[in-house]
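Colleague: This is the structure, below, for whatever I ask next.
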2 protein chains.
Amino acid sequence: MLSTTTSRRVLASAHRQTPKMTSFASALTSTLFTSLHRQMHSSDEPRDPAYRVLTNERMNKHVLEAQYAVRGAIPLRAEELREQLEEKGKDAGLPFDTVVNCNIGNPQQLDQKPLTFLRQVSALTEYPDLLDHPSTSSIFPSDAIERARSLLKEIGSVGAYSHSMGVPAIRKRVAQFIENRDGHPSSPGKIYLTAGASTGVSNILQILISSPLDGVLIPIPQYPLYTAALALNAARAVPYYLEESADWGLDVENLKANLEKARHEGTVIKAMVVINPGNPTGNCLSSENMQDIIKLCYEEKLVLLADEVYQSNVYGDARPFVSFKKALKDMGAPYADNVELVSFHSISKGQSGECGRRGGYFELCNFHPEAEEQVYKLASIQLCPSLGGQIGVDILCTPPKEGDESYPLWKEEVSGIARTLKERSEILVKAFRELEGVTCNDAEGAMYLFPTITIPPKAIAAAKAAGQAPDAYYSLKLLEGTGICVVPGSGFGQAPGTWHFRTTFLAPGTEDYVRRLKKFHEDFMREYS
Amino acid sequence: MLSTTTSRRVLASAHRQTPKMTSFASALTSTLFTSLHRQMHSSDEPRDPAYRVLTNERMNKHVLEAQYAVRGAIPLRAEELREQLEEKGKDAGLPFDTVVNCNIGNPQQLDQKPLTFLRQVSALTEYPDLLDHPSTSSIFPSDAIERARSLLKEIGSVGAYSHSMGVPAIRKRVAQFIENRDGHPSSPGKIYLTAGASTGVSNILQILISSPLDGVLIPIPQYPLYTAALALNAARAVPYYLEESADWGLDVENLKANLEKARHEGTVIKAMVVINPGNPTGNCLSSENMQDIIKLCYEEKLVLLADEVYQSNVYGDARPFVSFKKALKDMGAPYADNVELVSFHSISKGQSGECGRRGGYFELCNFHPEAEEQVYKLASIQLCPSLGGQIGVDILCTPPKEGDESYPLWKEEVSGIARTLKERSEILVKAFRELEGVTCNDAEGAMYLFPTITIPPKAIAAAKAAGQAPDAYYSLKLLEGTGICVVPGSGFGQAPGTWHFRTTFLAPGTEDYVRRLKKFHEDFMREYS
């Protein structure tokens, strides 16, 4: 196990690395990560290390450069603490009795119960013998039985590979879902089921990038999958800043300036990523912002990648979710039939929260047939997404409807989850705002808050002395002092000179969270005032 | 729908492309694929094609170059025929009433029934409320209930992300399985659960390749995932030939000569891929071959990638499965603790045949901690494999044991599947050998046969005139005439001047298969004699 002293030493050494866009925290993440990972996994050190073929010098440098803070150094340290508590309980001598993983949007790891209908249908498709058992009709509602029967007819066995794009009948229902949502036609031939949204994003970026000069516009702060996937594809991340003071909206003029600057540096900008509702910001974009983005993509010839995995996590009435597909098609010529758009959705988030099934889809709009062929080919090399994930997508897109036996329970579960998350976000926002030097926007959507923390000069100096970014210093102290695991803002990117952390508001026991945080923050501010 | 005339035109135009290692068939595959894919999916051609950002000129050229014949042109044509039969039945005017997909090892698409215990445990973990239902004990055996309970305790919810390497408790049992199999220690910290073996292979190759000069030794014939993944990573595939006349074993001297030749051409050889039991060859390597390979990897400093997904598909007693881990560790110094080995396994093959769950694992041996960190990081960016797949791996590695309630049924199912496959392979081999100009090795393992077909000069001329590789010409005619879908040898690579096809022996109705094939082959030989 890594002692706090060791982590400090590791963190200190991280300071001597060159800072990049995500600055200190990346270096910190990388070095602390290295150290922790070795301690956790290297039971058999090589006898003859000089012999090894695969060392840092000889590996893919793009893999070496990629960073993914959401599962990086601080979460690894959290895992270590959790193991200590499991093994030793109170004897671990830690000032808390549970580790709360607020670093990742993993609803069912925390409190969120799975939607019953989805699980009933899944159980029946897993073990079709159940369908013929005399007790089944007393255990399962009739619509779950019917759905399982019809899915099995379409799929055959959930143990067989499906079409690489996903089961055709499921893609038909996804297209219907999109049509109902947007009021514009959608075709199953443009829909690809995926193993969560991440696989889809990675595949599209892999196809897009054809030279190390290629760049993609990404929001800052961003979900680090994007910088990681761009690093893996040896491409440039071109940042555009979301404005915290404007509810994390974007300033298109500033965006254009960044784009021009990148072009001056020789970057060929191929695409733009938008995350709506936002991660880590929790904002929903205004219609005006959306139209500006579409116009920009048209004018600048950019493929638009719309990460819309939080589309059903919207908490206010002011800005209901509008898909980029709808915004695009509503705008008419010359945009509607020209801008190349990929829209990503997932069963991992929203009220289904089924991260562990690995299900999702993307829809292609206005893609050239040549590009569609490559998308298909990549999918075929990967064979197919898991059938469990595909069934999850089916139920996400075609839940029980009014009049069905399962409808009342489904409705109650979905509303209950939405209500709980909204309540938890409000309690947390209120608590953050009461803390000295902390500001926090409301969560309009998604499942995260991204508060600003004003870190006192003394703490900044202490962080610097320890070789850490101030927000990483704060987050690590928060973890060591309370068991609450968050991700420092530098893992997502943030405006220079500002410090944040991202926390989910998924965890149960919000009052306990607030109590731990409040005490920690007051102590921290007192210590460094 | 694409008419036969159109396919011929497409196939003809393919001839004008530059032949590469996999020669005609790649070009054929690519062009026919393009045409079919467009016809199937391009309902909305762009209004202003000049506008598109993503065209062949502007996409990742490595993606464009990748080929994957197993799901390529001929299988796409088979899909088209299947749809015609579904829509029109006899009115489709086809000379067969079913399409038989022998192009891909997809057991449950054909006849293979899922293993009951695996599905029972899966159903219970999907819907844990079942565990508390009064009827459950009358529906499910006690050991399935117990296993589900203990898995849920370890996992939490199957809807939550797990550790990126996979659930720790499952990895412990995988390590135990490996120890029992090999008689050498294995550690859960070196085991990564994956979404089938393919993801693991792709990740390892991505980490390995650091320059376009890098090359990996792959067997010819090979499973085309390897050439596809190497193409995607802009690396060189360095072929070594398996010798059909020596039961598809390998000649190490020939291998060394190929390696030297590639080095002369500037290739930096980083790794060697071995598929054992073989795909598409169905062979099992001799111990002598395995030791030679390990020595070569040691001497030449190559990482050894052992694709062992068919380890439980072994049909003879002469060459029982021996893992490369065991072979390596049995050899002692200087090999045992030095050669970097990755061994891949999967739930998609063997008697479980659960392709649709996407489950598998790999074990790292002798990896440098620096390399392990990168393997972990790539896994973490991909979040985690599906929990359904992970549970599949758990049951693969820890099936019911003697004395358990489910043991007798499990034993019966597993033996039944093994017996059926052996029988089918024998019937097919016998039938192939009775055909004029066809030779075929016995299947020692895996689920494929790779017969040689001696194609008469007239047919070669006709193929040439049609712009097709002779084996592709034969395979396409076989499909159009009988509904049997196989993959031409050129999709896997073969010794120059020889022609093959790969067929699974998974399909039920082997007699019917033989009858169709025999009649087709006789007609073909008569036509071109």
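So you can find residues: chains in the structure tokens are A, B, ... in the order shown, residues in each start at 1, and ligands are numbered from 1 in order.
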Leaving out A:Lys172 and any residue of its chain fewer than 2 positions from it, which residues lie within 12 Å of it when counting only C-alpha atoms, given as an mmCIF file with all heavy atoms, in the first residue's frame?

Modeller:
```
data_model
loop_
_atom_site.group_PDB
_atom_site.id
_atom_site.type_symbol
_atom_site.label_atom_id
_atom_site.label_comp_id
_atom_site.auth_asym_id
_atom_site.auth_seq_id
_atom_site.Cartn_x
_atom_site.Cartn_y
_atom_site.Cartn_z
ATOM 1 N N GLU A 154 -36.400 -11.969 -33.010
ATOM 2 C CA GLU A 154 -35.595 -11.097 -33.872
ATOM 3 C C GLU A 154 -34.102 -11.413 -33.781
ATOM 4 O O GLU A 154 -33.370 -11.297 -34.752
ATOM 5 C CB GLU A 154 -35.823 -9.629 -33.482
ATOM 6 C CG GLU A 154 -37.225 -9.132 -33.774
ATOM 7 C CD GLU A 154 -37.598 -7.882 -32.972
ATOM 8 O OE1 GLU A 154 -36.869 -7.506 -32.024
ATOM 9 O OE2 GLU A 154 -38.643 -7.289 -33.300
ATOM 10 N N MET A 165 -23.693 -3.768 -37.146
ATOM 11 C CA MET A 165 -24.320 -2.481 -36.804
ATOM 12 C C MET A 165 -25.329 -2.648 -35.671
ATOM 13 O O MET A 165 -25.855 -1.652 -35.173
ATOM 14 C CB MET A 165 -25.031 -1.903 -38.026
ATOM 15 C CG MET A 165 -24.098 -1.514 -39.158
ATOM 16 S SD MET A 165 -25.014 -1.138 -40.690
ATOM 17 C CE MET A 165 -25.800 0.426 -40.256
ATOM 18 N N GLY A 166 -25.600 -3.873 -35.296
ATOM 19 C CA GLY A 166 -26.618 -4.157 -34.291
ATOM 20 C C GLY A 166 -27.809 -4.847 -34.940
ATOM 21 O O GLY A 166 -27.985 -4.795 -36.155
ATOM 22 N N VAL A 167 -28.617 -5.488 -34.116
ATOM 23 C CA VAL A 167 -29.793 -6.226 -34.587
ATOM 24 C C VAL A 167 -30.678 -5.283 -35.422
ATOM 25 O O VAL A 167 -31.071 -4.221 -34.940
ATOM 26 C CB VAL A 167 -30.592 -6.768 -33.377
ATOM 27 C CG1 VAL A 167 -31.898 -7.408 -33.820
ATOM 28 C CG2 VAL A 167 -29.737 -7.736 -32.564
ATOM 29 N N PRO A 168 -30.994 -5.649 -36.677
ATOM 30 C CA PRO A 168 -31.777 -4.752 -37.531
ATOM 31 C C PRO A 168 -33.091 -4.275 -36.895
ATOM 32 O O PRO A 168 -33.414 -3.081 -36.970
ATOM 33 C CB PRO A 168 -32.039 -5.586 -38.791
ATOM 34 C CG PRO A 168 -30.891 -6.556 -38.848
ATOM 35 C CD PRO A 168 -30.554 -6.857 -37.422
ATOM 36 N N ALA A 169 -33.816 -5.185 -36.254
ATOM 37 C CA ALA A 169 -35.110 -4.791 -35.677
ATOM 38 C C ALA A 169 -34.928 -3.772 -34.552
ATOM 39 O O ALA A 169 -35.756 -2.871 -34.377
ATOM 40 C CB ALA A 169 -35.841 -6.029 -35.160
ATOM 41 N N ILE A 170 -33.861 -3.892 -33.797
ATOM 42 C CA ILE A 170 -33.609 -2.912 -32.728
ATOM 43 C C ILE A 170 -33.269 -1.563 -33.356
ATOM 44 O O ILE A 170 -33.754 -0.514 -32.923
ATOM 45 C CB ILE A 170 -32.486 -3.402 -31.776
ATOM 46 C CG1 ILE A 170 -32.940 -4.673 -31.057
ATOM 47 C CG2 ILE A 170 -32.103 -2.315 -30.764
ATOM 48 C CD1 ILE A 170 -31.925 -5.265 -30.081
ATOM 49 N N VAL A 174 -34.868 2.140 -32.780
ATOM 50 C CA VAL A 174 -34.080 3.333 -32.427
ATOM 51 C C VAL A 174 -34.445 4.469 -33.386
ATOM 52 O O VAL A 174 -34.661 5.616 -32.962
ATOM 53 C CB VAL A 174 -32.561 3.041 -32.491
ATOM 54 C CG1 VAL A 174 -31.762 4.314 -32.272
ATOM 55 C CG2 VAL A 174 -32.170 1.988 -31.458
ATOM 56 N N ALA A 175 -34.561 4.145 -34.670
ATOM 57 C CA ALA A 175 -34.919 5.174 -35.657
ATOM 58 C C ALA A 175 -36.292 5.769 -35.330
ATOM 59 O O ALA A 175 -36.499 6.983 -35.418
ATOM 60 C CB ALA A 175 -34.909 4.577 -37.061
ATOM 61 N N GLN A 176 -37.213 4.907 -34.920
ATOM 62 C CA GLN A 176 -38.559 5.382 -34.547
ATOM 63 C C GLN A 176 -38.484 6.313 -33.348
ATOM 64 O O GLN A 176 -39.127 7.365 -33.318
ATOM 65 C CB GLN A 176 -39.426 4.151 -34.237
ATOM 66 C CG GLN A 176 -40.905 4.447 -34.143
ATOM 67 C CD GLN A 176 -41.434 5.084 -35.426
ATOM 68 O OE1 GLN A 176 -41.322 4.522 -36.495
ATOM 69 N NE2 GLN A 176 -41.989 6.297 -35.312
ATOM 70 N N PHE A 177 -37.666 5.934 -32.369
ATOM 71 C CA PHE A 177 -37.458 6.771 -31.172
ATOM 72 C C PHE A 177 -36.930 8.149 -31.564
ATOM 73 O O PHE A 177 -37.403 9.184 -31.094
ATOM 74 C CB PHE A 177 -36.470 6.042 -30.250
ATOM 75 C CG PHE A 177 -35.778 6.890 -29.201
ATOM 76 C CD1 PHE A 177 -36.455 7.256 -28.037
ATOM 77 C CD2 PHE A 177 -34.451 7.304 -29.363
ATOM 78 C CE1 PHE A 177 -35.810 8.016 -27.057
ATOM 79 C CE2 PHE A 177 -33.814 8.061 -28.392
ATOM 80 C CZ PHE A 177 -34.500 8.417 -27.240
ATOM 81 N N ILE A 178 -35.967 8.164 -32.474
ATOM 82 C CA ILE A 178 -35.382 9.441 -32.901
ATOM 83 C C ILE A 178 -36.431 10.273 -33.658
ATOM 84 O O ILE A 178 -36.553 11.481 -33.444
ATOM 85 C CB ILE A 178 -34.126 9.189 -33.776
ATOM 86 C CG1 ILE A 178 -33.033 8.520 -32.941
ATOM 87 C CG2 ILE A 178 -33.614 10.486 -34.391
ATOM 88 C CD1 ILE A 178 -31.820 8.047 -33.735
ATOM 89 N N GLU A 179 -37.200 9.616 -34.517
ATOM 90 C CA GLU A 179 -38.262 10.331 -35.254
ATOM 91 C C GLU A 179 -39.283 10.937 -34.300
ATOM 92 O O GLU A 179 -39.678 12.092 -34.459
ATOM 93 C CB GLU A 179 -38.988 9.363 -36.201
ATOM 94 C CG GLU A 179 -38.173 9.034 -37.426
ATOM 95 C CD GLU A 179 -39.001 8.357 -38.530
ATOM 96 O OE1 GLU A 179 -40.261 8.382 -38.448
ATOM 97 O OE2 GLU A 179 -38.377 7.839 -39.458
ATOM 98 N N PRO A 185 -37.351 12.515 -40.117
ATOM 99 C CA PRO A 185 -37.128 11.097 -40.430
ATOM 100 C C PRO A 185 -35.769 10.591 -39.953
ATOM 101 O O PRO A 185 -34.802 11.368 -39.859
ATOM 102 C CB PRO A 185 -37.184 11.035 -41.961
ATOM 103 C CG PRO A 185 -37.621 12.365 -42.445
ATOM 104 C CD PRO A 185 -37.512 13.342 -41.318
ATOM 105 N N SER A 186 -35.724 9.307 -39.631
ATOM 106 C CA SER A 186 -34.469 8.645 -39.242
ATOM 107 C C SER A 186 -34.498 7.250 -39.854
ATOM 108 O O SER A 186 -35.568 6.644 -39.960
ATOM 109 C CB SER A 186 -34.393 8.571 -37.718
ATOM 110 O OG SER A 186 -33.329 7.745 -37.319
ATOM 111 N N SER A 187 -33.334 6.769 -40.270
ATOM 112 C CA SER A 187 -33.306 5.468 -40.942
ATOM 113 C C SER A 187 -32.404 4.485 -40.212
ATOM 114 O O SER A 187 -31.285 4.836 -39.804
ATOM 115 C CB SER A 187 -32.809 5.686 -42.381
ATOM 116 O OG SER A 187 -32.144 4.539 -42.837
ATOM 117 N N PRO A 188 -32.869 3.247 -40.033
ATOM 118 C CA PRO A 188 -32.044 2.244 -39.334
ATOM 119 C C PRO A 188 -30.700 2.002 -40.018
ATOM 120 O O PRO A 188 -29.753 1.573 -39.374
ATOM 121 C CB PRO A 188 -32.897 0.970 -39.361
ATOM 122 C CG PRO A 188 -34.065 1.239 -40.236
ATOM 123 C CD PRO A 188 -34.180 2.712 -40.441
ATOM 124 N N GLY A 189 -30.618 2.310 -41.321
ATOM 125 C CA GLY A 189 -29.358 2.131 -42.042
ATOM 126 C C GLY A 189 -28.297 3.145 -41.653
ATOM 127 O O GLY A 189 -27.120 3.017 -42.034
ATOM 128 N N LYS A 190 -28.688 4.163 -40.887
ATOM 129 C CA LYS A 190 -27.719 5.184 -40.451
ATOM 130 C C LYS A 190 -27.398 5.038 -38.974
ATOM 131 O O LYS A 190 -26.732 5.893 -38.388
ATOM 132 C CB LYS A 190 -28.300 6.588 -40.676
ATOM 133 C CG LYS A 190 -28.809 6.855 -42.076
ATOM 134 C CD LYS A 190 -27.679 6.822 -43.078
ATOM 135 C CE LYS A 190 -28.213 7.065 -44.482
ATOM 136 N NZ LYS A 190 -27.197 6.853 -45.508
ATOM 137 N N ILE A 191 -27.944 3.994 -38.365
ATOM 138 C CA ILE A 191 -27.778 3.833 -36.912
ATOM 139 C C ILE A 191 -26.843 2.671 -36.620
ATOM 140 O O ILE A 191 -26.981 1.594 -37.202
ATOM 141 C CB ILE A 191 -29.157 3.646 -36.251
ATOM 142 C CG1 ILE A 191 -29.882 4.998 -36.293
ATOM 143 C CG2 ILE A 191 -29.044 3.138 -34.823
ATOM 144 C CD1 ILE A 191 -31.350 4.902 -36.126
ATOM 145 N N TYR A 192 -25.914 2.908 -35.751
ATOM 146 C CA TYR A 192 -24.951 1.881 -35.337
ATOM 147 C C TYR A 192 -25.075 1.683 -33.839
ATOM 148 O O TYR A 192 -24.852 2.623 -33.074
ATOM 149 C CB TYR A 192 -23.517 2.338 -35.645
ATOM 150 C CG TYR A 192 -23.205 2.354 -37.117
ATOM 151 C CD1 TYR A 192 -23.729 3.346 -37.943
ATOM 152 C CD2 TYR A 192 -22.397 1.382 -37.697
ATOM 153 C CE1 TYR A 192 -23.463 3.353 -39.308
ATOM 154 C CE2 TYR A 192 -22.117 1.384 -39.061
ATOM 155 C CZ TYR A 192 -22.665 2.371 -39.857
ATOM 156 O OH TYR A 192 -22.408 2.374 -41.197
ATOM 157 N N LEU A 193 -25.403 0.475 -33.418
ATOM 158 C CA LEU A 193 -25.378 0.190 -31.981
ATOM 159 C C LEU A 193 -23.910 -0.006 -31.569
ATOM 160 O O LEU A 193 -23.101 -0.529 -32.341
ATOM 161 C CB LEU A 193 -26.209 -1.054 -31.652
ATOM 162 C CG LEU A 193 -27.684 -1.013 -32.081
ATOM 163 C CD1 LEU A 193 -28.448 -2.176 -31.457
ATOM 164 C CD2 LEU A 193 -28.366 0.290 -31.724
ATOM 165 N N GLU A 363 -26.063 7.920 -34.526
ATOM 166 C CA GLU A 363 -26.755 8.104 -35.798
ATOM 167 C C GLU A 363 -25.880 9.003 -36.668
ATOM 168 O O GLU A 363 -25.373 10.023 -36.202
ATOM 169 C CB GLU A 363 -28.117 8.773 -35.575
ATOM 170 C CG GLU A 363 -28.917 8.903 -36.875
ATOM 171 C CD GLU A 363 -30.205 9.733 -36.741
ATOM 172 O OE1 GLU A 363 -30.289 10.574 -35.807
ATOM 173 O OE2 GLU A 363 -31.105 9.558 -37.573
ATOM 174 N N VAL A 393 -30.507 -0.888 -25.177
ATOM 175 C CA VAL A 393 -30.839 0.217 -26.092
ATOM 176 C C VAL A 393 -32.286 0.081 -26.561
ATOM 177 O O VAL A 393 -33.035 1.057 -26.628
ATOM 178 C CB VAL A 393 -29.886 0.232 -27.312
ATOM 179 C CG1 VAL A 393 -30.357 1.245 -28.353
ATOM 180 C CG2 VAL A 393 -28.456 0.553 -26.871
ATOM 181 N N ASP A 394 -32.692 -1.144 -26.849
ATOM 182 C CA ASP A 394 -34.068 -1.363 -27.300
ATOM 183 C C ASP A 394 -35.062 -0.844 -26.266
ATOM 184 O O ASP A 394 -36.033 -0.180 -26.595
ATOM 185 C CB ASP A 394 -34.302 -2.862 -27.536
ATOM 186 C CG ASP A 394 -35.615 -3.096 -28.268
ATOM 187 O OD1 ASP A 394 -35.762 -2.556 -29.379
ATOM 188 O OD2 ASP A 394 -36.497 -3.783 -27.727
ATOM 189 N N CYS A 397 -35.158 2.931 -25.887
ATOM 190 C CA CYS A 397 -35.871 3.602 -26.969
ATOM 191 C C CYS A 397 -37.344 3.213 -27.037
ATOM 192 O O CYS A 397 -38.151 3.938 -27.609
ATOM 193 C CB CYS A 397 -35.192 3.302 -28.312
ATOM 194 S SG CYS A 397 -33.560 4.042 -28.404
ATOM 195 N N THR A 398 -37.682 2.060 -26.494
ATOM 196 C CA THR A 398 -39.083 1.623 -26.521
ATOM 197 C C THR A 398 -39.460 1.108 -25.135
ATOM 198 O O THR A 398 -39.602 -0.101 -24.913
ATOM 199 C CB THR A 398 -39.291 0.494 -27.566
ATOM 200 O OG1 THR A 398 -38.549 0.816 -28.753
ATOM 201 C CG2 THR A 398 -40.754 0.339 -27.933
#
```

Colleague: Enumerate as a PyMOL selection string all residues of stretch 155-343 of chain B assigned to strand (DSSP E or B) by DSSP on the backbone, naming them with the chain letters and numbers the document uses.

Modeller: chain B and resi 191-194+214-220+236-243+249-250+268-275+303-307+314+341-343

Colleague: Would you put the residues from that selection into a file with C-alpha atoms, as a PDB file, in the first residue's frame?

Modeller:
```pdb
ATOM      1  CA  ILE B 191      -5.223 -10.719 -15.982  1.00  0.00           C
ATOM      2  CA  TYR B 192      -7.402  -8.348 -17.965  1.00  0.00           C
ATOM      3  CA  LEU B 193     -10.984  -9.230 -18.774  1.00  0.00           C
ATOM      4  CA  THR B 194     -11.917  -8.041 -22.267  1.00  0.00           C
ATOM      5  CA  ASP B 214       7.314  -1.919 -37.011  1.00  0.00           C
ATOM      6  CA  GLY B 215       6.227  -5.378 -38.045  1.00  0.00           C
ATOM      7  CA  VAL B 216       4.553  -8.385 -36.490  1.00  0.00           C
ATOM      8  CA  LEU B 217       4.993 -11.984 -37.611  1.00  0.00           C
ATOM      9  CA  ILE B 218       1.650 -13.519 -38.475  1.00  0.00           C
ATOM     10  CA  PRO B 219       0.859 -17.018 -39.701  1.00  0.00           C
ATOM     11  CA  ILE B 220      -0.412 -17.502 -43.224  1.00  0.00           C
ATOM     12  CA  ARG B 236       3.657  -4.245 -41.308  1.00  0.00           C
ATOM     13  CA  ALA B 237       2.344  -7.801 -41.360  1.00  0.00           C
ATOM     14  CA  VAL B 238       5.314 -10.128 -41.816  1.00  0.00           C
ATOM     15  CA  PRO B 239       3.974 -13.482 -42.989  1.00  0.00           C
ATOM     16  CA  TYR B 240       5.260 -16.916 -42.043  1.00  0.00           C
ATOM     17  CA  TYR B 241       3.707 -19.890 -43.794  1.00  0.00           C
ATOM     18  CA  LEU B 242       2.059 -22.835 -42.126  1.00  0.00           C
ATOM     19  CA  GLU B 243       2.731 -26.020 -44.032  1.00  0.00           C
ATOM     20  CA  GLY B 249       2.700 -26.986 -38.591  1.00  0.00           C
ATOM     21  CA  LEU B 250       5.395 -24.407 -39.027  1.00  0.00           C
ATOM     22  CA  VAL B 268      11.587  -3.714 -37.028  1.00  0.00           C
ATOM     23  CA  ILE B 269       9.988  -6.948 -35.895  1.00  0.00           C
ATOM     24  CA  LYS B 270       8.347  -6.522 -32.525  1.00  0.00           C
ATOM     25  CA  ALA B 271       6.129  -9.505 -32.002  1.00  0.00           C
ATOM     26  CA  MET B 272       4.917 -12.852 -33.244  1.00  0.00           C
ATOM     27  CA  VAL B 273       1.313 -14.034 -33.414  1.00  0.00           C
ATOM     28  CA  VAL B 274       0.514 -17.725 -33.001  1.00  0.00           C
ATOM     29  CA  ILE B 275      -3.007 -19.088 -33.268  1.00  0.00           C
ATOM     30  CA  VAL B 303       6.673 -10.355 -27.785  1.00  0.00           C
ATOM     31  CA  LEU B 304       4.687 -13.553 -28.212  1.00  0.00           C
ATOM     32  CA  LEU B 305       0.942 -13.157 -28.757  1.00  0.00           C
ATOM     33  CA  ALA B 306      -0.775 -16.516 -28.289  1.00  0.00           C
ATOM     34  CA  ASP B 307      -4.339 -16.616 -29.567  1.00  0.00           C
ATOM     35  CA  VAL B 314      -9.542 -30.073 -29.486  1.00  0.00           C
ATOM     36  CA  LEU B 341       3.837 -13.434 -23.554  1.00  0.00           C
ATOM     37  CA  VAL B 342       0.198 -12.446 -23.884  1.00  0.00           C
ATOM     38  CA  SER B 343      -2.258 -15.310 -23.980  1.00  0.00           C
TER      39      SER B 343
END
```

Colleague: Write out as an mmCIF file with C-alpha atoms, in the first residue's frame the residues lying within 10 Å of A:Ser202, counting only C-alpha atoms and excluding same-chain residues fewer than 3 positions away.

Modeller:
```cif
data_model
loop_
_atom_site.group_PDB
_atom_site.id
_atom_site.type_symbol
_atom_site.label_atom_id
_atom_site.label_comp_id
_atom_site.auth_asym_id
_atom_site.auth_seq_id
_atom_site.Cartn_x
_atom_site.Cartn_y
_atom_site.Cartn_z
ATOM 1 C CA ALA A 197 -20.921 5.852 -26.459
ATOM 2 C CA SER A 198 -17.135 5.667 -25.964
ATOM 3 C CA THR A 199 -16.528 3.013 -28.627
ATOM 4 C CA LEU A 205 -12.330 9.940 -34.408
ATOM 5 C CA GLN A 206 -10.124 7.154 -35.753
ATOM 6 C CA ILE A 207 -11.756 7.477 -39.174
ATOM 7 C CA LEU A 208 -11.610 11.281 -39.116
ATOM 8 C CA LEU A 225 -12.343 10.629 -23.379
ATOM 9 C CA TYR A 226 -11.960 13.225 -26.116
ATOM 10 C CA ALA A 228 -7.492 10.643 -24.713
ATOM 11 C CA ALA A 229 -8.925 9.476 -28.055
ATOM 12 C CA LEU A 230 -7.276 12.378 -29.868
ATOM 13 C CA LEU A 232 -4.275 7.928 -29.249
ATOM 14 C CA ASN A 233 -4.941 9.009 -32.818
ATOM 15 C CA GLN B 382 -12.466 1.901 -22.478
#
```

Colleague: So what do you get for atom CA of A:Ala431 versus atom CA of B:Tyr161, distance-wise?

Modeller: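 Distance between the two atoms: 28.4 Å.
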
Colleague: Closest to chain A among B:Gln112, B:Ser346, B:Asn366, B:Thr267, using only C-alpha atoms?

Modeller: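 Among the listed residues, the smallest separation from chain A belongs to B:Asn366.
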
Colleague: I want to know what sits within 12 Å of B:Gly493, based on only C-alpha atoms, with residues of the same chain fewer than 5 positions away left out; could you give that as an NGL selection string?

Modeller: :B and (20-26 or 67-69 or 218-224 or 226-227 or 237-242 or 279-281 or 450 or 471 or 487-488 or 498-502)

Colleague: Within 9 Å of stretch 317-329 of chain B, counting only C-alpha atoms, which residues show up once you throw out same-chain ones fewer than 5 positions away? Write them as an MDAnalysis selection string, please.

Modeller: chainID B and resid 178 181:184 276:277 284:287 290:291 294 304 306 308 311:312 335:337 339 341:343 365 444:445

Colleague: Take atom CA of A:Tyr513 and atom CA of A:Tyr528 and report the distance between them in Å, one decimal.

Modeller: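 Rounded to one decimal, the two atoms are 22.3 Å apart.
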
Colleague: With only C-alpha atoms as the atoms that count, which of A:Thr98, A:Ala469, A:Gly359, A:Thr420 lies nearest to A:Asp512?

Modeller: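 Smallest distance to A:Asp512 is found for A:Thr98.
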
Colleague: I want to know what sits within 9 Å of B:Asn203, based on only C-alpha atoms, with residues of the same chain fewer than 6 positions away left out; could you give that as number ranges by chain?

Modeller: B: 375, 378-379
